[in-house]
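Have a look at the structure below, then the notes.
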Amino acid sequence: MAELEGFEIGDPVAELYERNLTSSSAESKHVTAVLEAVADILRQEGIKPSPTAVFAASLSSLERANTEASPETSAAMLTVLGVALEHAPTGPVLSRIPHAMQVLLATGRAAQEKPVALRGVVRCIGQLVAALRDAQDPGTNEWPHCAKAFGAISNLCVDSRPKVRKQAAASVAEALRAVRGTSAAGPASRAFANVAVSIARAPVKAARELTSMHGASGAKAAEQRAQAAAQESLHLLVALKLILGELDGSAAGEVAGAVTGLLDLAEPLLTQHTCDALVALFQPTGASATAAAAAAAA
């Protein structure tokens with residue numbers, strides 16, 4: 001089997017290359033092409049291949065990419081970037097967070113109508129926020145550079161495209177779980193809570209507006225707004241099954257309170273998903289899950 005030039009056997013980036021080299025899919029061909037280009041860049045610059053080097057090289061390539069013209073290529077770059085982030089030491093990653101977030105936000109704006117690339121952006125933003133777990137005081141130093149991007153992926157938890165919102169929910173939950181116990185936990189939880197509370201309160205507000213406009217001009221538009229708000233709240237409730245248990249105490253309480261208000265609508269589907277989401281508050285996750293398992297085994 002062909003090997004990625006310069007990379008040692010067993011290197012996670014080399015393994016990504018091998019997996020995609022055996023696939024005939026167009027997506028895999030884009031990934032192998034990006035990896036070969038990255039390997040060539042590192043060879044020309046005399047840089048020893050490593051996840052850290054691939055992180056820097058793929059981020060630089062992504063900054064120059066035209067995502068609107070070639071979302072598949074950008075998606076491949078983001079796949080490579082994601083693997084590099086997964087395996088690179090956090091020190092070099094943390095030092096590049098301000099620039100990396102700027103690049104990812106710009107790529108995300110260009111990829112708004114390109115889900116294949118947008119999912120990659122969401123995943124990488126989540127990984128960068130998760131890296132704050134190893135920072136000394138991330139709430140003060142690194143979080144301000146992450147806040148805008150984290151708010152953006154929080155909003156995507158209710159995106160109309162199923163794969164986009166599924167990736168957003170998974171990335172938000174992963175990031176919150178990673179920073180638990182750090183100074184970034186509070187602001188990260190608050191950032192998501194601000195989004196979630198706004199979405200959760202919208203259906204009740206829209207229903208009241210619709211009731212007050214019954215038979216009046218504009219009632220049809222009010223009905224459409226109410227339906228859209230209810231749909232977004234359903235997407236939020238699905239996401240909360242992953243996320244609610246990862247929020248810190250005050251943010252979790254505020255979100256739970258806002259979500260409980262959906263029960264007033266007496267809509268069977270909303271009621272079911274609301275109850276399912278609230279159960280997440282009582283399911284141990286992360287460190288608490290480990291403690292619970294240890295207690296049960298004792």
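Each chain in the structure tokens gets a letter, A, B, ..., in the order shown, and its residues are numbered from 1; ligands are numbered from 1 in order too.
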
Can you tell me, as a JSON list (two decimals) with all heavy atoms, in the first residue's frame, what residues are no more than 8 Å from Gln167 in chain A when counting only C-alpha atoms, ignoring any on the same chain fewer than 4 positions away?
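The file below, around.json, is the result:
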[["chain", "number", "residue", "atom", "x", "y", "z"],
["A", 119, "ARG", "N", -20.32, 21.28, 8.28],
["A", 119, "ARG", "CA", -20.19, 20.29, 9.36],
["A", 119, "ARG", "C", -18.74, 20.19, 9.83],
["A", 119, "ARG", "O", -18.47, 20.02, 11.03],
["A", 119, "ARG", "CB", -20.69, 18.91, 8.89],
["A", 119, "ARG", "CG", -22.17, 18.86, 8.60],
["A", 119, "ARG", "CD", -22.69, 17.44, 8.59],
["A", 119, "ARG", "NE", -21.95, 16.54, 7.71],
["A", 119, "ARG", "CZ", -22.19, 16.37, 6.42],
["A", 119, "ARG", "NH1", -23.18, 17.05, 5.85],
["A", 119, "ARG", "NH2", -21.49, 15.51, 5.70],
["A", 122, "VAL", "N", -17.96, 23.16, 12.08],
["A", 122, "VAL", "CA", -18.56, 22.97, 13.40],
["A", 122, "VAL", "C", -17.72, 22.02, 14.25],
["A", 122, "VAL", "O", -17.44, 22.28, 15.43],
["A", 122, "VAL", "CB", -20.00, 22.43, 13.25],
["A", 122, "VAL", "CG1", -20.56, 22.00, 14.60],
["A", 122, "VAL", "CG2", -20.90, 23.50, 12.63],
["A", 123, "ARG", "N", -17.31, 20.93, 13.62],
["A", 123, "ARG", "CA", -16.51, 19.94, 14.37],
["A", 123, "ARG", "C", -15.21, 20.56, 14.85],
["A", 123, "ARG", "O", -14.82, 20.38, 16.02],
["A", 123, "ARG", "CB", -16.22, 18.74, 13.47],
["A", 123, "ARG", "CG", -15.39, 17.66, 14.17],
["A", 123, "ARG", "CD", -14.88, 16.61, 13.20],
["A", 123, "ARG", "NE", -14.02, 15.65, 13.89],
["A", 123, "ARG", "CZ", -13.12, 14.89, 13.30],
["A", 123, "ARG", "NH1", -12.94, 14.98, 11.98],
["A", 123, "ARG", "NH2", -12.39, 14.04, 13.98],
["A", 157, "CYS", "N", -27.49, 24.24, 16.37],
["A", 157, "CYS", "CA", -28.17, 23.08, 16.95],
["A", 157, "CYS", "C", -29.63, 22.99, 16.52],
["A", 157, "CYS", "O", -30.27, 21.94, 16.68],
["A", 157, "CYS", "CB", -28.10, 23.13, 18.48],
["A", 157, "CYS", "SG", -26.46, 22.77, 19.15],
["A", 163, "LYS", "N", -28.11, 16.80, 9.38],
["A", 163, "LYS", "CA", -26.71, 16.47, 9.63],
["A", 163, "LYS", "C", -25.95, 17.63, 10.26],
["A", 163, "LYS", "O", -25.04, 17.43, 11.07],
["A", 163, "LYS", "CB", -26.04, 16.01, 8.34],
["A", 163, "LYS", "CG", -26.52, 14.66, 7.84],
["A", 163, "LYS", "CD", -25.76, 14.22, 6.59],
["A", 163, "LYS", "CE", -26.23, 12.85, 6.12],
["A", 163, "LYS", "NZ", -25.51, 12.39, 4.91],
["A", 171, "SER", "N", -20.88, 18.53, 18.93],
["A", 171, "SER", "CA", -19.69, 19.35, 19.17],
["A", 171, "SER", "C", -19.86, 20.24, 20.40],
["A", 171, "SER", "O", -18.92, 20.41, 21.19],
["A", 171, "SER", "CB", -19.38, 20.21, 17.94],
["A", 171, "SER", "OG", -18.98, 19.39, 16.86]]

DSSP-assigned helix (DSSP H, G or I) members of range 39-206 of chain A, reported as a ChimeraX atom specification: /A:39-44,51-64,71-87,90-95,97-110,115-134,143-158,162-179,185-206

Selected residue of minimal separation from Leu156 in chain A among A:Ala219, A:Val172, A:Val80, A:Val179, counting only C-alpha atoms: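 Checking each of A:Ala219, A:Val172, A:Val80, A:Val179 against Leu156 in chain A, counting only C-alpha atoms, the winner is A:Val172.
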
Minimum-distance residue to Pro138 in chain A, chosen among A:Lys220, A:Arg109, A:Arg180, A:Arg64 (using only C-alpha atoms):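 So, comparing all the options, the nearest one is A:Arg180.
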
Which of A:Ala56, A:Ala65, A:Ala191, A:Val255 sits closest to Leu236 in chain A [using only C-alpha atoms]: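 Going through A:Ala56, A:Ala65, A:Ala191, A:Val255 one by one, the smallest distance to Leu236 in chain A is for A:Val255.
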
As an mmCIF file with N, CA and C atoms, in the first residue's frame, please: the residues near Pro12 in chain A (cut-off 9 Å, only C-alpha atoms, same-chain neighbours under 2 positions excluded).
data_model
loop_
_atom_site.group_PDB
_atom_site.id
_atom_site.type_symbol
_atom_site.label_atom_id
_atom_site.label_comp_id
_atom_site.auth_asym_id
_atom_site.auth_seq_id
_atom_site.Cartn_x
_atom_site.Cartn_y
_atom_site.Cartn_z
ATOM 1 N N ILE A 9 4.899 5.190 9.877
ATOM 2 C CA ILE A 9 3.814 4.212 9.956
ATOM 3 C C ILE A 9 3.172 4.317 11.338
ATOM 4 N N GLY A 10 1.854 4.357 11.355
ATOM 5 C CA GLY A 10 1.140 4.483 12.623
ATOM 6 C C GLY A 10 0.778 5.908 12.984
ATOM 7 N N ALA A 14 -1.184 9.646 8.719
ATOM 8 C CA ALA A 14 -0.871 8.621 7.725
ATOM 9 C C ALA A 14 -1.968 7.572 7.665
ATOM 10 N N GLU A 15 -2.535 7.226 8.811
ATOM 11 C CA GLU A 15 -3.624 6.246 8.852
ATOM 12 C C GLU A 15 -4.878 6.799 8.174
ATOM 13 N N LEU A 16 -5.117 8.097 8.329
ATOM 14 C CA LEU A 16 -6.234 8.722 7.617
ATOM 15 C C LEU A 16 -6.033 8.596 6.113
ATOM 16 N N TYR A 17 -4.816 8.798 5.675
ATOM 17 C CA TYR A 17 -4.483 8.676 4.246
ATOM 18 C C TYR A 17 -4.733 7.252 3.758
ATOM 19 N N SER A 50 4.108 15.839 11.520
ATOM 20 C CA SER A 50 3.530 15.537 12.830
ATOM 21 C C SER A 50 2.119 16.116 12.839
ATOM 22 N N PRO A 51 1.269 15.688 13.764
ATOM 23 C CA PRO A 51 -0.060 16.299 13.849
ATOM 24 C C PRO A 51 -0.022 17.812 14.024
ATOM 25 N N VAL A 83 -8.521 15.761 12.320
ATOM 26 C CA VAL A 83 -7.664 14.666 12.788
ATOM 27 C C VAL A 83 -6.397 15.226 13.438
ATOM 28 N N ALA A 84 -5.836 16.276 12.844
ATOM 29 C CA ALA A 84 -4.651 16.901 13.435
ATOM 30 C C ALA A 84 -4.973 17.472 14.820
ATOM 31 N N HIS A 87 -5.092 14.870 17.626
ATOM 32 C CA HIS A 87 -3.857 14.212 18.056
ATOM 33 C C HIS A 87 -2.709 15.169 18.381
#

Distance query Gly181 in chain A at most 12 Å, only C-alpha atoms, self and fewer than 4 positions along chain excluded, as a list in words: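 The filter keeps Leu132, Arg133, Asp134, Ala135, Gln136, Asp137, Pro138, Gly139, Leu176, Arg177, Ala185, Gly186, Pro187, Ala188, Ser189, Glu246, Leu247, Asp248, Gly249, Gly286, Ala287 and Ser288 of chain A.
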
A:Ala175, A:Ala69, A:Leu78, A:Ala88 ranked by distance to Glu113 in chain A, top pick (using only C-alpha atoms):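 Answer, going by the shortest atom-to-atom distance: A:Ala69.
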
CA of Ile199 in chain A to CA of Ala110 in chain A, straight-line distance in Å: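 Value for the CA of Ala110 in chain A-CA of Ile199 in chain A distance: 24.8 Å.
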
Nearest candidate to Ile243 in chain A (options A:Gln224, A:Thr52, A:Ser74, A:Ser154; using only C-alpha atoms):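 The closest residue to Ile243 in chain A is A:Ser154.
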
A:Ser58, A:Thr260, A:Ser198, A:Gln231 ranked by distance to Val34 in chain A, top pick (using only C-alpha atoms):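 Among the listed residues, the smallest separation from Val34 in chain A belongs to A:Ser58.
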
Spatial neighbours of Ile125 in chain A, max dist 9 Å, only C-alpha atoms, sep filter under 3 positions, as a list in words: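 Returned residues: Ala100, Met101, Leu104, Leu105, Gly120, Val121, Val122, Leu128, Val129, Ala130, Cys146, Ala149, Phe150, Ile153, Ser171 and Ala175 of chain A.
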
Take the residues that were just selected and, keeping all heavy atoms, output them as a short mmCIF file (atom, residue, chain, number, x, y, z; two decimals), in the first residue's frame.
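And here is the file that came out, selection_23.cif:
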data_model
loop_
_atom_site.label_atom_id
_atom_site.label_comp_id
_atom_site.auth_asym_id
_atom_site.auth_seq_id
_atom_site.Cartn_x
_atom_site.Cartn_y
_atom_site.Cartn_z
N ALA A 100 -6.94 30.65 14.48
CA ALA A 100 -7.71 29.49 14.01
C ALA A 100 -9.21 29.80 14.03
O ALA A 100 -9.93 29.44 13.09
CB ALA A 100 -7.40 28.28 14.87
N MET A 101 -9.68 30.45 15.08
CA MET A 101 -11.10 30.78 15.16
C MET A 101 -11.49 31.78 14.07
O MET A 101 -12.58 31.69 13.49
CB MET A 101 -11.45 31.34 16.53
CG MET A 101 -11.54 30.27 17.62
SD MET A 101 -12.80 29.01 17.24
CE MET A 101 -12.84 28.12 18.80
N LEU A 104 -11.81 29.75 10.86
CA LEU A 104 -12.99 28.89 10.86
C LEU A 104 -14.29 29.70 10.74
O LEU A 104 -15.23 29.27 10.06
CB LEU A 104 -13.02 28.04 12.13
CG LEU A 104 -11.97 26.92 12.16
CD1 LEU A 104 -11.90 26.29 13.54
CD2 LEU A 104 -12.29 25.86 11.10
N LEU A 105 -14.34 30.85 11.37
CA LEU A 105 -15.53 31.69 11.22
C LEU A 105 -15.69 32.17 9.78
O LEU A 105 -16.80 32.17 9.24
CB LEU A 105 -15.45 32.89 12.17
CG LEU A 105 -15.81 32.62 13.63
CD1 LEU A 105 -15.45 33.82 14.50
CD2 LEU A 105 -17.30 32.29 13.77
N GLY A 120 -17.81 20.29 8.90
CA GLY A 120 -16.40 20.25 9.27
C GLY A 120 -16.00 21.46 10.10
O GLY A 120 -15.21 21.34 11.05
N VAL A 121 -16.51 22.62 9.74
CA VAL A 121 -16.24 23.83 10.51
C VAL A 121 -16.74 23.66 11.95
O VAL A 121 -16.03 23.97 12.92
CB VAL A 121 -16.91 25.06 9.85
CG1 VAL A 121 -16.82 26.28 10.78
CG2 VAL A 121 -16.26 25.37 8.52
N VAL A 122 -17.96 23.16 12.08
CA VAL A 122 -18.56 22.97 13.40
C VAL A 122 -17.72 22.02 14.25
O VAL A 122 -17.44 22.28 15.43
CB VAL A 122 -20.00 22.43 13.25
CG1 VAL A 122 -20.56 22.00 14.60
CG2 VAL A 122 -20.90 23.50 12.63
N LEU A 128 -11.53 22.88 19.09
CA LEU A 128 -10.71 23.97 19.61
C LEU A 128 -11.19 24.41 20.99
O LEU A 128 -10.38 24.67 21.89
CB LEU A 128 -10.73 25.15 18.64
CG LEU A 128 -9.84 25.03 17.39
CD1 LEU A 128 -10.13 26.16 16.43
CD2 LEU A 128 -8.36 25.02 17.78
N VAL A 129 -12.49 24.51 21.17
CA VAL A 129 -13.02 24.88 22.48
C VAL A 129 -12.68 23.79 23.50
O VAL A 129 -12.30 24.08 24.64
CB VAL A 129 -14.54 25.12 22.43
CG1 VAL A 129 -15.09 25.37 23.83
CG2 VAL A 129 -14.86 26.30 21.52
N ALA A 130 -12.77 22.54 23.09
CA ALA A 130 -12.43 21.43 23.99
C ALA A 130 -10.97 21.50 24.44
O ALA A 130 -10.64 21.09 25.55
CB ALA A 130 -12.72 20.10 23.31
N CYS A 146 -13.01 32.49 21.58
CA CYS A 146 -13.87 31.36 21.20
C CYS A 146 -15.36 31.69 21.26
O CYS A 146 -16.18 30.97 20.69
CB CYS A 146 -13.61 30.16 22.12
SG CYS A 146 -11.92 29.54 22.10
N ALA A 149 -17.53 32.05 17.94
CA ALA A 149 -17.64 30.80 17.20
C ALA A 149 -18.50 29.79 17.95
O ALA A 149 -19.30 29.07 17.35
CB ALA A 149 -16.25 30.22 16.94
N PHE A 150 -18.35 29.73 19.27
CA PHE A 150 -19.15 28.79 20.06
C PHE A 150 -20.62 29.18 20.02
O PHE A 150 -21.50 28.31 19.95
CB PHE A 150 -18.66 28.73 21.50
CG PHE A 150 -19.25 27.60 22.28
CD1 PHE A 150 -18.86 26.30 22.04
CD2 PHE A 150 -20.19 27.84 23.27
CE1 PHE A 150 -19.40 25.24 22.76
CE2 PHE A 150 -20.75 26.80 24.00
CZ PHE A 150 -20.34 25.49 23.75
N ILE A 153 -22.02 27.88 16.66
CA ILE A 153 -22.37 26.46 16.56
C ILE A 153 -23.52 26.12 17.50
O ILE A 153 -24.26 25.16 17.24
CB ILE A 153 -21.15 25.54 16.79
CG1 ILE A 153 -20.63 25.59 18.21
CG2 ILE A 153 -20.04 25.86 15.79
CD1 ILE A 153 -19.56 24.52 18.49
N SER A 171 -20.88 18.53 18.93
CA SER A 171 -19.69 19.35 19.17
C SER A 171 -19.86 20.24 20.40
O SER A 171 -18.92 20.41 21.19
CB SER A 171 -19.38 20.21 17.94
OG SER A 171 -18.98 19.39 16.86
N ALA A 175 -17.53 19.87 23.74
CA ALA A 175 -16.76 21.01 24.23
C ALA A 175 -17.10 21.32 25.69
O ALA A 175 -16.21 21.54 26.52
CB ALA A 175 -17.01 22.23 23.36
#

Selection: 9 Å around Glu209 in chain A, only C-alpha atoms, excl. self and same-chain fewer than 5 positions, as a list in words: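 Result of the neighbour search: Val204, His214, Ala219, Ala222, Glu223 and Ala226 of chain A.
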
CA of His235 in chain A to CA of Lys114 in chain A, distance in Å rounded to a single decimal: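 Computing it gives 20.0 Å between the two atoms.
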